[in-house]
Protein chains: 4
Amino acid sequence: MAKIKIGILGSTGSVGQRYVNMLRDHPWFEVVALSASEASVGKKYRDAAKWVLDKEMPEEMAEMRIVKAIPHAIKAAGAEVVFSALPSEVARRTELEMAEEGLFVVADTSAHRMDPDVPLLIPEVNFEHLAAIEAQRKKRSGFIVTGPNCTTIGLAMTLKPIQTEFGLRRVLVSTMQALSGAGFFGVPSMAILDNLIPYIKNEEEKVASELLKILGSFRDGCFENASIKIGASCHRVCVLDGHTEAVFLETEKATSPDEVAKCMSDFSSEPQRLRLPSAPDHPIIVRNEPDRPQPRLDRLSGTPERAKGMATVVGRIRKESALDNGIKYVLLSHNTIRGAAGNAILIAECLKGKGII
Amino acid sequence: MAKIKIGILGSTGSVGQRYVNMLRDHPWFEVVALSASEASVGKKYRDAAKWVLDKEMPEEMAEMRIVKAIPHAIKAAGAEVVFSALPSEVARRTELEMAEEGLFVVADTSAHRMDPDVPLLIPEVNFEHLAAIEAQRKKRSGFIVTGPNCTTIGLAMTLKPIQTEFGLRRVLVSTMQALSGAGFFGVPSMAILDNLIPYIKNEEEKVASELLKILGSFRDGCFENASIKIGASCHRVCVLDGHTEAVFLETEKATSPDEVAKCMSDFSSEPQRLRLPSAPDHPIIVRNEPDRPQPRLDRLSGTPERAKGMATVVGRIRKESALDNGIKYVLLSHNTIRGAAGNAILIAECLKGKGII
Amino acid sequence: MAKIKIGILGSTGSVGQRYVNMLRDHPWFEVVALSASEASVGKKYRDAAKWVLDKEMPEEMAEMRIVKAIPHAIKAAGAEVVFSALPSEVARRTELEMAEEGLFVVADTSAHRMDPDVPLLIPEVNFEHLAAIEAQRKKRSGFIVTGPNCTTIGLAMTLKPIQTEFGLRRVLVSTMQALSGAGFFGVPSMAILDNLIPYIKNEEEKVASELLKILGSFRDGCFENASIKIGASCHRVCVLDGHTEAVFLETEKATSPDEVAKCMSDFSSEPQRLRLPSAPDHPIIVRNEPDRPQPRLDRLSGTPERAKGMATVVGRIRKESALDNGIKYVLLSHNTIRGAAGNAILIAECLKGKGII
Amino acid sequence: MAKIKIGILGSTGSVGQRYVNMLRDHPWFEVVALSASEASVGKKYRDAAKWVLDKEMPEEMAEMRIVKAIPHAIKAAGAEVVFSALPSEVARRTELEMAEEGLFVVADTSAHRMDPDVPLLIPEVNFEHLAAIEAQRKKRSGFIVTGPNCTTIGLAMTLKPIQTEFGLRRVLVSTMQALSGAGFFGVPSMAILDNLIPYIKNEEEKVASELLKILGSFRDGCFENASIKIGASCHRVCVLDGHTEAVFLETEKATSPDEVAKCMSDFSSEPQRLRLPSAPDHPIIVRNEPDRPQPRLDRLSGTPERAKGMATVVGRIRKESALDNGIKYVLLSHNTIRGAAGNAILIAECLKGKGII
């Protein structure tokens, strides 16, 4: 099988680097175009990117020359699918241009997440939202699919089986988010050592609005929000990778911690059925120790090897007597793998697996 | 005015050291007895205590000789009031013996917190619970007053004015607690660096049961719990001092973030009226910046100088639409000052200010 | 006594903020002019500076309006002495302009440190280098005095009494430097958590060249370098404030750890004789515990209160058998107090104390 | 080929756990006996060990029953080779007993390191010291081989090729050591966050004495120390794994940084020639970036996969003008892999590879 040819928009930034890193040796995809801002065009990737990841830059991409972030250049390099890691100020326009020129855009930027014809996708949670692509294709030759904010993903993943089994009325979440969520240069060490920052701009709003779309339905050509009450309080803590979230919720039907644990452990979905290469065997891993999940110990959970960091790890599932039909638990999701590039790659695999690309 | 003579039970441990540290140069109190376990009796405090605080050991106490933790020895040294920082396995029995022999015991151990005739006191919140002392004195010549868990204190402090003004139906809290709460040797660096631990043994239960007693009433010789629904999720983060708590709540009467901020800023109580030496001018400090309170920046807030770390700092007061009459905010309370020795010292000052001792 | 009127150049940056912070309530000095770049001119300091220090901005300066960094504006505000915290690209020219227009410039920028007529001053170590001011004043109506790099100061302080007593042949130093040395935004948390960076640009060169000037002499109108061999290896570690340095050295005359400890403890100099307000009672504090100095515990050492962070703390003085007449020890110096603004303020106090201003 | 049967002494401690972890799926070795203190005998390993490593306990060992740390029990389980991770108070006697009863003991405890007939081995550096085993076997049926302290290993590895090519006169080393070197519970978080500790008990002495033995010769049945002057200053920093060391040295023959880099990069030895499974392709990896090695980025360097953490990474090789024929560089060595269990396993592989076992 010939590999699908990939372009990466915004490839030199810290998010772009994660795509480059995760697409090395991908069984289905082959990177053929790396774009960046004007100043870098024509340079080798090795020289254009100030590499910040712990793992070394893949040799095969180090030698590639940066191209312009315009459809013509991306297509000239042979790419059909583009992953967008563009800065927000240019993402909206550029992603649209790409789709209009026939490219298939998978973005984990926020620009088009709430568009009425764009799926906001977590493949295990709402793959059926891919139906919205048809609506898009009436307007343009390509299309856009987006992935949610890193904080939304683990939460939506764990809420989905509960919603299906017991119904959901109300969700409150308090997050303890990792430093990498703000980008490599986002949080100065002087700001966070022996400290935490109880604020992440726009994050609480995003979590609520994105969840409602993801857990809602796509019917008759329209997205309809779920009718769940959602509230969030978001905080940055001194952890490199892995967002931890304390979740309090009310179900429609009464349930128990054991039942919730079971429905999470049993949860499996389209990516697992399609055996997508980056799909974890179990999208949710439930741990029974009293003091887990912990970011450093659990953020790279998941099998197979390629899927490490793609599973959401849950622990401390217990009754919450302060709410009616109340349940609480703690979840951990790797923010730069499942919460960003990894989810986007799984989206692309899903598009392929379902024959859309 | 002659100073009141003080004994410290369990003076060599890390909590005991904080009493020693905070009572240096106290205007009303003078430490005359330091007790510790058998092995230390007779030694100089300098040699008996492995000092772990950043500030140096006070010279005047360094030379004192350790006495036994028995009423006779404490009284022989001239003490009337004892602060207890005893390990939990001996606290219950020893504190009771002290009270039975006529000593006034102020404890921030958990042993007697839930006793039906023992006040669980935050002087600004429920000083009227001191009335329970009378019931105790029918049984014994001395008495016991306790202070709450470090996590409860800041939360109760901020809930009190809301309860008074608007009524409280439901409270959910997610904590991010400091390392010092587990004692100097409590959390290995290997366990917490680049990590957090989403579990603190028995903490969630304590927060709920203690809050109900503190926010309840003392009437006709009995404590009656408040009728509020309370749920907690407790987590340890990599911060030296200062517990941060994300609070979600429902009031009885509808209110607004501005009204809540005002009732917190205006809150003032008996310790302020009595001008107790360790009382902060404002028990609650409300900050308006979007990203405060932060532990390293705000944990030592408070005036006057002696009251630094005695105020609770609140920020991010906002509407919570996922709850009826919903409000959410973030609070910070210094766990080893207001959350432990500082609160106990303020209790003792309150006993003195009200003429009980 | 009327206070001396002070201007601060580059007052809104993180170094400038430290001047603003340390000059609140100074007994001899009064800040009358705060300058910053064009964009801030005319704004209140409160609005122009993104305040990053833990202690709050002093109210009296918060309301001051930013002026231009030109001699005319500074003098119009009444300033006689300016502290320079200018960015390096403009420091050289601007500091010279100020001096040429009659202002007395105290800089801890590196621009003029190695100039042949500019003292590079640590008041306790080489106050006699102030004689170079005379040479300057033949050329211009004002003058420039500079303070050394933060890494040089603690090292020079501890070497001085050894040089005087025993002579110095060779010094090797390996540093463990604090994050604040790189500025508030200098080191991303992602770069340093669970890590260290064994490189600080140009630092090793500065340490060597500055030490030779400071420990050298000023004779017949010229600086002459000390003849000591100096080598450094500089590393950044995850500590907020306080540079720790492991020093290995060879003396001319044989000596012992006890003799070295004694000459350091006994060391006292012009700032102590003149009782300058920011001078520590003891410029070097020698600790005997095996595991000190430690940055968090010792960086704020020093008496009186104003001088906290102005003393260099030394420990672990021991024989080094791998060198002839070898001695090794560990020192700690607060890089943003003694290593920057604090040293500059002490220089200004010294100028006043000796009647130069 | 049948696998060699292995016992682990002290298997439940944090060092023992690392053996258990590293021996899962070893191509040549099979663990058949896990011993621990009396209280654990008979329990499953799963229940006896409080597992502290990030990677999960290997399933196959979790079910093994703990046996006594006596030769009879170890031999009854079929073990021929034992790895010792015994606590120091029992290591000396127990390791000797094992050897006297015919077992082949590989220890990274310090008990027998300096014995006159026991090799202190880093297989790449002094494999020829294995000749001392013959002397031992005249006295006992088994033998003991030891590995050095974690701080010594990386240093000896990098000094060896320099010693061979240019001769070594003098070495000064300043270390920045990781937390794991003190054991999981060794350094409280309260002691090290925003701090460093400039002292590690007995470490400086060990580095010097061990280096002299390792870099010395074994001739005519005796070890003879190298004649090099060695001095160390050892410090603990807030890093999970990976000891960084700043090295200053004097060679006999003049050399240059480039020549030193070349002789390190070219260094290869017996484990590489024998293609031992845990041997890194290159024992020393030289990096050219100005700011490397860094512990978090470089501690797991090495190929093949099994050898990650077995290589020493060197950077910043430069001239040191303060010494005659002076060179300085920074090295990084993984203290719990190459510095402990990994080196011991490589020793055992070397014994097998050379036909000794």
# chains A, B, ... in the order shown; residues from 1 in each chain; ligands from 1
>>> residues_around(residues="Asn325 (chain B)", least_positions_apart="5", cutoff="8 Å", atoms="only C-alpha atoms", output="mmCIF file with C-alpha atoms, in the first residue's frame")
data_model
loop_
_atom_site.group_PDB
_atom_site.id
_atom_site.type_symbol
_atom_site.label_atom_id
_atom_site.label_comp_id
_atom_site.auth_asym_id
_atom_site.auth_seq_id
_atom_site.Cartn_x
_atom_site.Cartn_y
_atom_site.Cartn_z
ATOM 1 C CA GLU B 250 -24.635 26.818 45.553
ATOM 2 C CA THR B 251 -26.134 29.533 47.703
ATOM 3 C CA GLU B 252 -29.674 29.624 49.077
ATOM 4 C CA LYS B 253 -30.340 33.130 47.833
ATOM 5 C CA ALA B 254 -29.180 34.176 44.392
ATOM 6 C CA THR B 255 -26.096 36.356 44.483
ATOM 7 C CA GLU B 320 -20.871 28.915 38.005
#
>>> residues_around(residues="Glu349 (chain A)", least_positions_apart="5", cutoff="8 Å", atoms="only C-alpha atoms", output="list in words")
Trp28, Leu276, Pro277 and Ser278 of chain A
>>> write_last_selection(atoms="N, CA and C atoms", output="compact mmCIF listing (two decimals), in the first residue's frame")
# COMPACT_ATOMS: atom_id res chain seq x y z
N TRP A 28 1.23 4.27 7.83
CA TRP A 28 0.31 4.67 6.77
C TRP A 28 0.66 6.02 6.14
N LEU A 276 -6.94 0.87 14.10
CA LEU A 276 -6.10 1.98 13.62
C LEU A 276 -4.74 1.92 14.32
N PRO A 277 -3.68 2.23 13.60
CA PRO A 277 -2.33 2.05 14.18
C PRO A 277 -2.10 2.80 15.49
N SER A 278 -2.66 4.01 15.64
CA SER A 278 -2.41 4.79 16.85
C SER A 278 -3.50 4.61 17.90
>>> interface_residues(of="chain D", to="chain B", cutoff="7 Å", atoms="only C-alpha atoms", output="PyMOL selection string")
chain D and resi 179-180+184-185+187-190+240
>>> select_by_dssp(residues="region 142-347 of chain A", states="strand (DSSP E)", output="ChimeraX atom specification")
/A:143-146,168-176,217-219,222-224,229-233,243-251,284-286,312-319,326-333
>>> residues_around(residues="Val125 (chain D)", least_positions_apart="5", cutoff="9 Å", atoms="only C-alpha atoms", output="NGL selection string")
:D and (156-157 or 160-161 or 214-215 or 269-270)
>>> write_last_selection(atoms="C-alpha atoms", output="tab-separated table (two decimals), in the first residue's frame")
chain	number	residue	atom	x	y	z
D	156	ALA	CA	36.35	6.66	35.29
D	157	MET	CA	34.83	5.90	31.90
D	160	LYS	CA	40.28	5.98	30.83
D	161	PRO	CA	40.89	6.96	27.18
D	214	ILE	CA	40.04	1.30	38.87
D	215	LEU	CA	42.58	3.31	36.90
D	269	SER	CA	36.60	-1.96	24.75
D	270	GLU	CA	36.05	-5.60	25.67
>>> select_by_dssp(residues="region 278-332 of chain D", states="alpha helix (DSSP H)", output="NGL selection string")
:D and (295-298)
>>> residues_around(residues="Ser321 (chain A)", least_positions_apart="6", cutoff="9 Å", atoms="only C-alpha atoms", output="PyMOL selection string")
(chain A and resi 327) or (chain B and resi 229-231)
>>> atom_distance(atom1="CA of Val247 (chain A)", atom2="CA of Leu172 (chain A)")
5.9 Å
>>> residues_around(residues="region 209-213 of chain A", least_positions_apart="2", cutoff="8 Å", atoms="only C-alpha atoms", output="PDB file with C-alpha atoms, in the first residue's frame")
ATOM      1  CA  ARG A 113     -13.571  24.016  16.071  1.00  0.00           C
ATOM      2  CA  MET A 114     -16.968  25.604  16.525  1.00  0.00           C
ATOM      3  CA  LEU A 120     -14.694  18.510  16.460  1.00  0.00           C
ATOM      4  CA  PRO A 148     -10.405  19.597  20.664  1.00  0.00           C
ATOM      5  CA  ASN A 149      -8.384  21.411  23.287  1.00  0.00           C
ATOM      6  CA  THR A 152     -11.347  18.592  26.750  1.00  0.00           C
ATOM      7  CA  ALA A 156     -14.887  13.842  26.934  1.00  0.00           C
ATOM      8  CA  GLU A 205     -14.875  28.498  28.272  1.00  0.00           C
ATOM      9  CA  LYS A 206     -13.340  26.147  25.715  1.00  0.00           C
ATOM     10  CA  VAL A 207     -13.850  23.078  27.869  1.00  0.00           C
ATOM     11  CA  LEU A 215     -21.108  14.974  23.377  1.00  0.00           C
ATOM     12  CA  GLY A 216     -23.948  16.333  21.245  1.00  0.00           C
ATOM     13  CA  SER A 217     -25.334  14.887  18.033  1.00  0.00           C
ATOM     14  CA  PHE A 223     -24.731  19.786  15.222  1.00  0.00           C
ATOM     15  CA  GLU A 224     -26.903  19.857  18.288  1.00  0.00           C
ATOM     16  CA  ASN A 225     -25.330  20.451  21.676  1.00  0.00           C
ATOM     17  CA  ALA A 226     -25.732  17.927  24.456  1.00  0.00           C
ATOM     18  CA  SER A 227     -27.907  19.202  27.274  1.00  0.00           C
ATOM     19  CA  ILE A 228     -25.460  18.859  30.107  1.00  0.00           C
TER      20      ILE A 228
END
>>> residues_around(residues="region 109-111 of chain C", least_positions_apart="4", cutoff="10 Å", atoms="only C-alpha atoms", output="list in words")
Val15, Phe83, Ser84, Ala85, Leu86, Pro87, Ser88, Glu89, Val90, Ala91, Arg92, Arg93, Glu95, Leu96, Asp115, Leu120, Thr146, Gly147, Pro148, Asn149, Lys206 and Ala340 of chain C
>>> atom_distance(atom1="CA of Ser14 (chain D)", atom2="CA of Ile66 (chain D)")
15.6 Å
>>> residues_around(residues="Glu56 (chain A)", least_positions_apart="2", cutoff="12 Å", atoms="only C-alpha atoms", output="ChimeraX atom specification")
/A:17-18,20-22,24,46,50-54,58-62 /D:297-298,300-301
>>> write_last_selection(atoms="N, CA and C atoms", output="short mmCIF file (atom, residue, chain, number, x, y, z; two decimals), in the first residue's frame")
data_model
loop_
_atom_site.label_atom_id
_atom_site.label_comp_id
_atom_site.auth_asym_id
_atom_site.auth_seq_id
_atom_site.Cartn_x
_atom_site.Cartn_y
_atom_site.Cartn_z
N GLN A 17 6.58 20.43 15.88
CA GLN A 17 7.65 19.47 16.13
C GLN A 17 7.09 18.13 16.62
N ARG A 18 6.01 18.22 17.36
CA ARG A 18 5.42 16.97 17.86
C ARG A 18 4.84 16.13 16.72
N VAL A 20 6.04 16.17 13.64
CA VAL A 20 7.25 15.64 13.00
C VAL A 20 7.74 14.42 13.77
N ASN A 21 7.76 14.55 15.08
CA ASN A 21 8.26 13.47 15.94
C ASN A 21 7.38 12.22 15.86
N MET A 22 6.05 12.43 15.90
CA MET A 22 5.14 11.29 15.96
C MET A 22 4.92 10.63 14.60
N ARG A 24 7.32 10.00 12.45
CA ARG A 24 8.48 9.22 11.98
C ARG A 24 8.04 7.75 11.94
N ARG A 46 16.27 21.12 9.75
CA ARG A 46 17.29 21.09 10.80
C ARG A 46 17.69 22.49 11.25
N LYS A 50 14.08 25.33 15.95
CA LYS A 50 14.85 25.19 17.20
C LYS A 50 14.18 24.05 17.97
N TRP A 51 14.75 22.86 17.82
CA TRP A 51 14.15 21.62 18.32
C TRP A 51 14.10 21.60 19.85
N VAL A 52 12.92 21.38 20.41
CA VAL A 52 12.81 21.42 21.88
C VAL A 52 12.40 20.08 22.49
N LEU A 53 12.16 19.08 21.68
CA LEU A 53 11.70 17.82 22.25
C LEU A 53 12.86 17.00 22.82
N ASP A 54 12.53 16.13 23.78
CA ASP A 54 13.55 15.31 24.39
C ASP A 54 14.12 14.31 23.39
N PRO A 58 14.01 13.55 13.86
CA PRO A 58 14.18 12.43 12.94
C PRO A 58 15.08 12.84 11.78
N GLU A 59 16.07 12.02 11.50
CA GLU A 59 17.07 12.35 10.49
C GLU A 59 16.43 12.64 9.12
N GLU A 60 15.41 11.82 8.75
CA GLU A 60 14.86 11.95 7.40
C GLU A 60 14.16 13.29 7.20
N MET A 61 13.64 13.89 8.27
CA MET A 61 12.98 15.19 8.09
C MET A 61 13.96 16.35 8.26
N ALA A 62 15.05 16.11 8.96
CA ALA A 62 16.02 17.17 9.22
C ALA A 62 16.53 17.79 7.92
N LEU D 297 17.52 15.23 28.98
CA LEU D 297 17.60 14.97 27.54
C LEU D 297 18.56 13.84 27.20
N ASP D 298 19.59 13.66 28.00
CA ASP D 298 20.68 12.77 27.57
C ASP D 298 20.86 11.52 28.42
N LEU D 300 19.19 8.90 28.89
CA LEU D 300 18.83 7.62 28.29
C LEU D 300 19.47 7.42 26.92
N SER D 301 20.60 8.08 26.70
CA SER D 301 21.31 7.89 25.45
C SER D 301 21.89 6.49 25.37
#
>>> atom_distance(atom1="CA of Gly10 (chain A)", atom2="CA of Arg287 (chain D)")
28.3 Å
